[in-house]
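Here's entry.cif, which has mmCIF, C-alpha atoms:
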data_work
loop_
_atom_site.label_atom_id
_atom_site.label_comp_id
_atom_site.auth_asym_id
_atom_site.auth_seq_id
_atom_site.Cartn_x
_atom_site.Cartn_y
_atom_site.Cartn_z
CA MET A 183 22.44 8.31 -12.96
CA GLU A 184 24.95 8.10 -10.14
CA ALA A 185 28.74 7.93 -10.56
CA ASP A 186 28.76 4.21 -9.75
CA GLY A 187 26.19 3.45 -12.45
CA ARG A 188 23.14 3.15 -10.23
CA THR A 189 19.92 4.81 -11.27
CA VAL A 190 18.15 6.89 -8.65
CA PRO A 191 14.43 7.07 -9.58
CA GLY A 192 12.09 9.97 -9.03
CA TRP A 193 9.42 9.91 -6.38
CA THR A 194 6.89 8.13 -8.63
CA GLY A 195 9.36 5.43 -9.61
CA PHE A 196 10.56 5.02 -6.03
CA SER A 197 6.98 4.58 -4.77
CA ALA A 198 6.28 2.02 -7.50
CA MET A 199 9.38 0.03 -6.47
CA VAL A 200 8.75 -0.11 -2.74
CA SER A 201 4.93 -0.37 -2.77
CA SER A 202 3.02 -3.59 -3.28
CA ALA A 203 -0.43 -1.96 -3.43
CA ALA A 204 -2.31 -2.02 -6.73
CA PRO A 205 -4.53 1.08 -6.85
CA SER A 206 -7.65 0.95 -8.95
CA ILE A 207 -7.66 2.68 -12.30
CA THR A 208 -9.49 6.00 -12.24
CA GLU A 209 -11.21 7.80 -15.06
CA VAL A 210 -10.79 11.50 -15.75
CA GLY A 211 -13.56 13.33 -17.56
CA CYS A 212 -13.71 16.82 -19.00
CA CYS A 213 -16.54 19.19 -18.19
CA PRO A 214 -18.31 20.97 -21.06
CA VAL A 215 -16.77 24.23 -22.21
CA ILE A 216 -18.56 27.42 -21.21
CA ASN A 217 -18.26 30.25 -23.72
CA GLY A 218 -17.72 33.13 -21.33
CA SER A 219 -15.15 35.00 -19.30
CA PRO A 220 -14.04 32.92 -16.28
CA THR A 221 -14.06 35.96 -13.99
CA GLU A 222 -17.66 36.98 -14.73
CA ALA A 223 -20.17 36.23 -12.02
CA GLY A 224 -22.55 34.56 -14.49
CA THR A 225 -19.88 32.14 -15.71
CA VAL A 226 -18.81 31.25 -12.18
CA TYR A 227 -22.45 30.75 -11.17
CA THR A 228 -23.00 28.39 -14.12
CA VAL A 229 -19.93 26.35 -13.18
CA MET A 230 -21.04 26.00 -9.57
CA ARG A 231 -24.57 24.98 -10.56
CA ARG A 232 -23.26 22.37 -12.99
CA MET A 233 -20.98 20.97 -10.32
CA GLN A 234 -23.90 20.65 -7.95
CA ARG A 235 -25.96 18.81 -10.58
CA MET A 236 -23.06 16.47 -11.29
CA MET A 237 -22.70 15.65 -7.59
CA SER A 238 -26.46 15.15 -7.27
CA GLY A 239 -26.30 12.66 -10.13
CA LEU A 240 -23.71 10.72 -8.12
CA GLY A 241 -25.92 10.76 -5.04
CA ARG A 242 -23.86 13.30 -3.12
CA HIS A 243 -25.14 16.46 -1.51
CA ASP A 244 -21.83 18.24 -0.94
CA CYS A 245 -19.31 19.16 -3.60
CA VAL A 246 -15.81 20.59 -3.49
CA ILE A 247 -14.99 23.16 -6.18
CA ALA A 248 -11.41 24.37 -6.68
CA PHE A 249 -10.49 27.52 -8.58
CA ASP A 250 -7.45 29.67 -9.00
CA LEU A 251 -7.18 32.67 -6.69
CA ALA A 252 -8.87 35.24 -8.95
CA ILE A 253 -11.87 33.06 -9.80
CA CYS A 254 -12.10 31.76 -6.23
CA MET A 255 -12.67 35.29 -4.96
CA ARG A 256 -15.54 35.75 -7.42
CA ALA A 257 -16.96 32.30 -6.53
CA ARG A 258 -16.96 33.29 -2.86
CA GLU A 259 -19.01 36.36 -3.71
CA VAL A 260 -21.50 34.24 -5.64
CA GLN A 261 -21.73 31.81 -2.74
CA TRP A 262 -22.33 34.59 -0.22
CA ARG A 263 -25.13 36.05 -2.32
CA GLY A 264 -26.89 32.70 -2.63
CA SER A 265 -25.98 31.13 0.71
CA ASN A 266 -28.97 28.78 0.69
CA GLU A 267 -28.44 27.73 -2.90
CA PHE A 268 -24.79 26.80 -2.41
CA CYS A 269 -24.90 25.65 1.21
CA GLY A 270 -23.44 22.27 0.23
CA ALA A 271 -20.63 23.70 -1.90
CA VAL A 272 -17.08 23.97 -0.56
CA VAL A 273 -15.21 26.59 -2.56
CA GLY A 274 -11.44 26.76 -2.26
CA VAL A 275 -8.20 27.46 -4.06
CA GLY A 276 -6.73 24.55 -6.02
CA GLY A 277 -3.75 22.71 -4.63
CA PHE A 278 -1.51 23.76 -7.52
CA HIS A 279 -2.08 27.46 -6.84
CA VAL A 280 -1.60 26.93 -3.11
CA ALA A 281 1.72 25.24 -3.86
CA LEU A 282 2.81 28.15 -6.08
CA ASN A 283 2.00 30.64 -3.33
CA CYS A 284 3.94 28.54 -0.81
CA LEU A 285 6.92 28.44 -3.16
CA ALA A 286 6.75 32.22 -3.53
CA VAL A 287 6.70 32.63 0.25
CA LEU A 288 9.67 30.30 0.64
CA GLY A 289 11.47 32.19 -2.10
CA GLY A 290 10.98 35.42 -0.16
CA VAL A 291 12.31 33.80 3.01
CA PHE A 292 15.46 32.46 1.32
CA GLU A 293 16.00 35.42 -0.98
CA ASP A 294 18.84 36.87 1.10
CA SER A 295 20.24 33.55 2.32
CA GLY A 296 22.66 33.09 -0.58
CA LEU A 297 20.51 30.50 -2.35
CA LEU A 298 20.44 32.58 -5.52
CA ASP A 299 24.23 32.87 -5.60
CA LEU A 300 24.57 29.16 -4.90
CA LEU A 301 22.43 28.20 -7.91
CA ILE A 302 24.26 30.62 -10.22
CA GLU A 303 27.86 30.01 -9.15
CA SER A 304 27.41 26.23 -9.14
CA GLY A 305 26.37 26.36 -12.78
CA THR A 306 22.97 24.84 -12.08
CA CYS A 307 21.11 27.59 -13.91
CA GLY A 308 21.58 31.07 -15.31
CA VAL A 309 20.79 34.38 -13.69
CA ASN A 310 17.28 34.75 -15.12
CA ALA A 311 16.36 31.13 -14.38
CA ALA A 312 17.70 31.40 -10.84
CA GLU A 313 15.66 34.52 -10.18
CA SER A 314 12.52 32.80 -11.45
CA LEU A 315 13.14 29.95 -9.00
CA LEU A 316 12.25 32.22 -6.10
CA GLY A 317 9.16 33.90 -7.55
CA GLY A 318 6.55 31.12 -7.43
CA ARG A 319 5.92 31.20 -11.18
CA SER A 320 7.30 27.88 -12.45
CA TYR A 321 6.34 24.88 -10.30
CA ASN A 322 8.46 22.19 -11.94
CA ARG A 323 11.55 24.38 -12.19
CA GLU A 324 11.28 25.59 -8.59
CA VAL A 325 10.68 22.14 -7.13
CA GLY A 326 13.57 20.72 -9.16
CA GLY A 327 15.90 23.48 -8.02
CA ARG A 328 15.00 23.01 -4.38
CA ARG A 329 15.50 19.26 -4.70
CA LEU A 330 19.01 19.85 -6.02
CA VAL A 331 19.79 22.16 -3.11
CA VAL A 332 18.45 19.69 -0.54
CA GLU A 333 20.38 16.87 -2.20
CA ALA A 334 23.62 18.89 -2.08
CA LEU A 335 23.10 19.81 1.58
CA MET A 336 22.31 16.22 2.54
CA ARG A 337 25.45 14.99 0.79
CA LEU A 338 27.56 17.53 2.67
CA GLN A 339 25.87 16.57 5.91
CA TRP A 340 26.55 12.87 5.38
CA GLU A 341 30.18 13.52 4.43
CA GLU A 342 30.68 15.58 7.58
CA ARG A 343 29.08 12.88 9.72
CA CYS A 344 31.29 10.24 8.13
CA ARG A 345 34.34 12.41 8.73
CA TRP A 346 33.31 12.95 12.35
CA LEU A 347 32.84 9.21 12.83
CA SER A 348 36.19 8.32 11.26
CA GLN A 349 38.00 10.82 13.49
CA ARG A 350 36.46 9.37 16.63
CA ARG A 351 36.88 5.68 15.95
CA GLY A 352 38.05 4.04 19.12
CA ASP A 353 36.82 6.83 21.42
CA ALA A 354 35.05 5.63 24.51
CA GLY A 355 32.18 8.05 24.05
CA VAL A 356 31.29 6.92 20.52
CA ASP A 357 29.57 3.59 19.96
CA GLU A 358 30.60 2.97 16.37
CA GLU A 359 28.56 -0.21 16.03
CA ALA A 360 25.41 1.52 17.22
CA VAL A 361 25.93 4.41 14.78
CA THR A 362 26.58 2.02 11.91
CA ALA A 363 23.50 -0.04 12.82
CA HIS A 364 21.30 3.06 12.77
CA VAL A 365 22.70 4.10 9.41
CA ARG A 366 22.10 0.63 8.01
CA SER A 367 18.50 0.66 9.24
CA CYS A 368 18.04 4.03 7.56
CA LYS A 369 19.43 2.66 4.33
CA ASP A 370 17.14 -0.38 4.42
CA ALA A 371 14.09 1.73 5.26
CA VAL A 372 14.33 3.87 2.15
CA GLY A 373 14.42 1.13 -0.43
CA LYS A 374 17.64 -0.90 -0.19
CA GLN A 375 20.15 1.24 -2.09
CA ARG A 376 17.55 2.74 -4.43
CA VAL A 377 17.92 6.34 -3.31
CA THR A 378 20.90 8.63 -3.00
CA CYS A 379 20.95 8.38 0.78
CA ALA A 380 21.78 4.68 0.55
CA VAL A 381 24.53 5.30 -2.00
CA VAL A 382 26.18 7.96 0.17
CA VAL A 383 25.92 5.86 3.34
CA GLU A 384 27.42 2.79 1.68
CA ARG A 385 30.31 4.76 0.19
CA CYS A 386 31.17 6.79 3.31
CA VAL A 387 30.30 4.62 6.28
CA MET A 388 30.24 0.99 5.30
CA THR A 389 33.79 0.99 3.89
#
Just give me the structure of the file as structure tokens.
Amino acid sequence: MEADGRTVPGWTGFSAMVSSAAPSITEVGCCPVINGSPTEAGTVYTVMRRMQRMMSGLGRHDCVIAFDLAICMRAREVQWRGSNEFCGAVVGVGGFHVALNCLAVLGGVFEDSGLLDLLIESGTCGVNAAESLLGGRSYNREVGGRRLVVEALMRLQWEERCRWLSQRRGDAGVDEEAVTAHVRSCKDAVGKQRVTCAVVVERCVMT
């Protein structure tokens, strides 16, 4: 909830507001449980064979199988041993685990940039929570923390741009109408005052 009473939705709510498409309802099914260790070659082999049979029942020759990193390494070994048997199988790491690794890499890049101190001193989170934000262990917490940082930086950027524009009103080198028109088009393109960008632009520039 913004200071002026407007509600800024999350990405899912924003997409539902601005999109007119009606996607078809999908069904999610659960595979049968295999009583075995997930890192054993026999268990991984059984999973891959069952996936192939499921795809064959749907009339498809190829199948994409996603694992976490530890099981994916074992599945690669199984695939290499039976290259002809699993020639139509595409084995890879799941998107969630790829995202966690990317967050860990980004956390290492920004570790010494002052991001940790920013989160702690602003009161956003405690010391332990802030340290976990850079380790790639908690997806929701890390994405939420980075969203807050991006939001804060964008607000500061807009305020500085508005200050720059107000100081140069009347200058020959600044076309104020053109700048305002571009800002208005940006505001309209992101959902007509339904995101924070629109709120900041209206408060700083349009007044």
### Expansion of the PyMOL selection byres ((chain A and resi 270) around 7) into residues, as a VMD selection string
chain A and resid 243 to 245 268 to 269 271 to 272
Export of prior selection with C-alpha atoms as a tab-separated table (two decimals), in the coordinates of the input:
chain	number	residue	atom	x	y	z
A	243	HIS	CA	-25.14	16.46	-1.51
A	244	ASP	CA	-21.83	18.24	-0.94
A	245	CYS	CA	-19.31	19.16	-3.60
A	268	PHE	CA	-24.79	26.80	-2.41
A	269	CYS	CA	-24.90	25.65	1.21
A	271	ALA	CA	-20.63	23.70	-1.90
A	272	VAL	CA	-17.08	23.97	-0.56
Which neighbours of Gly327 in chain A fall inside 10 Å, counting all atoms listed in the file, when residues of the same chain fewer than 4 positions from it are skipped, and could you give them as a tab-separated table (two decimals) with C-alpha atoms, in the frame of the given file?
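result13.tsv was written with the following content:
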chain	number	residue	atom	x	y	z
A	301	LEU	CA	22.43	28.20	-7.91
A	306	THR	CA	22.97	24.84	-12.08
A	307	CYS	CA	21.11	27.59	-13.91
A	311	ALA	CA	16.36	31.13	-14.38
A	312	ALA	CA	17.70	31.40	-10.84
A	315	LEU	CA	13.14	29.95	-9.00
A	316	LEU	CA	12.25	32.22	-6.10
A	321	TYR	CA	6.34	24.88	-10.30
A	322	ASN	CA	8.46	22.19	-11.94
A	323	ARG	CA	11.55	24.38	-12.19
A	331	VAL	CA	19.79	22.16	-3.11
A	332	VAL	CA	18.45	19.69	-0.54
A	333	GLU	CA	20.38	16.87	-2.20
### Query
Could you name the residues that touch Phe249 in chain A at 7 Å or less, counting all atoms listed in the file, but leaving out those on the same chain fewer than 2 positions away, as a PyMOL selection string?
chain A and resi 247+251+253-254+274-276
### Message
Here's the selection I'm unsure about, the PyMOL selection byres ((chain A and resi 288) around 12); applied to the file above, which residues does it give, as number ranges by chain?
### Response
A: 281-287, 289-295, 297, 315-318, 324-325, 328
Can you pull out the residues contacting Ser219 in chain A? Cut-off 12 Å, using all atoms listed in the file, and skip same-chain residues under 5 positions away; I want them as a CSV table (one decimal) with C-alpha atoms, keeping the file's coordinate frame.
chain,number,residue,atom,x,y,z
A,224,GLY,CA,-22.6,34.6,-14.5
A,225,THR,CA,-19.9,32.1,-15.7
A,226,VAL,CA,-18.8,31.2,-12.2
A,227,TYR,CA,-22.4,30.8,-11.2
A,228,THR,CA,-23.0,28.4,-14.1
A,229,VAL,CA,-19.9,26.4,-13.2
A,253,ILE,CA,-11.9,33.1,-9.8
A,256,ARG,CA,-15.5,35.8,-7.4
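What separates CA of Ser304 in chain A from CA of Ser320 in chain A is a distance of 20.4 Å.
Distance check against Val280 in chain A using only C-alpha atoms: of A:Leu338, A:Ala248, A:Val260, A:Leu298, the minimum falls on A:Ala248.
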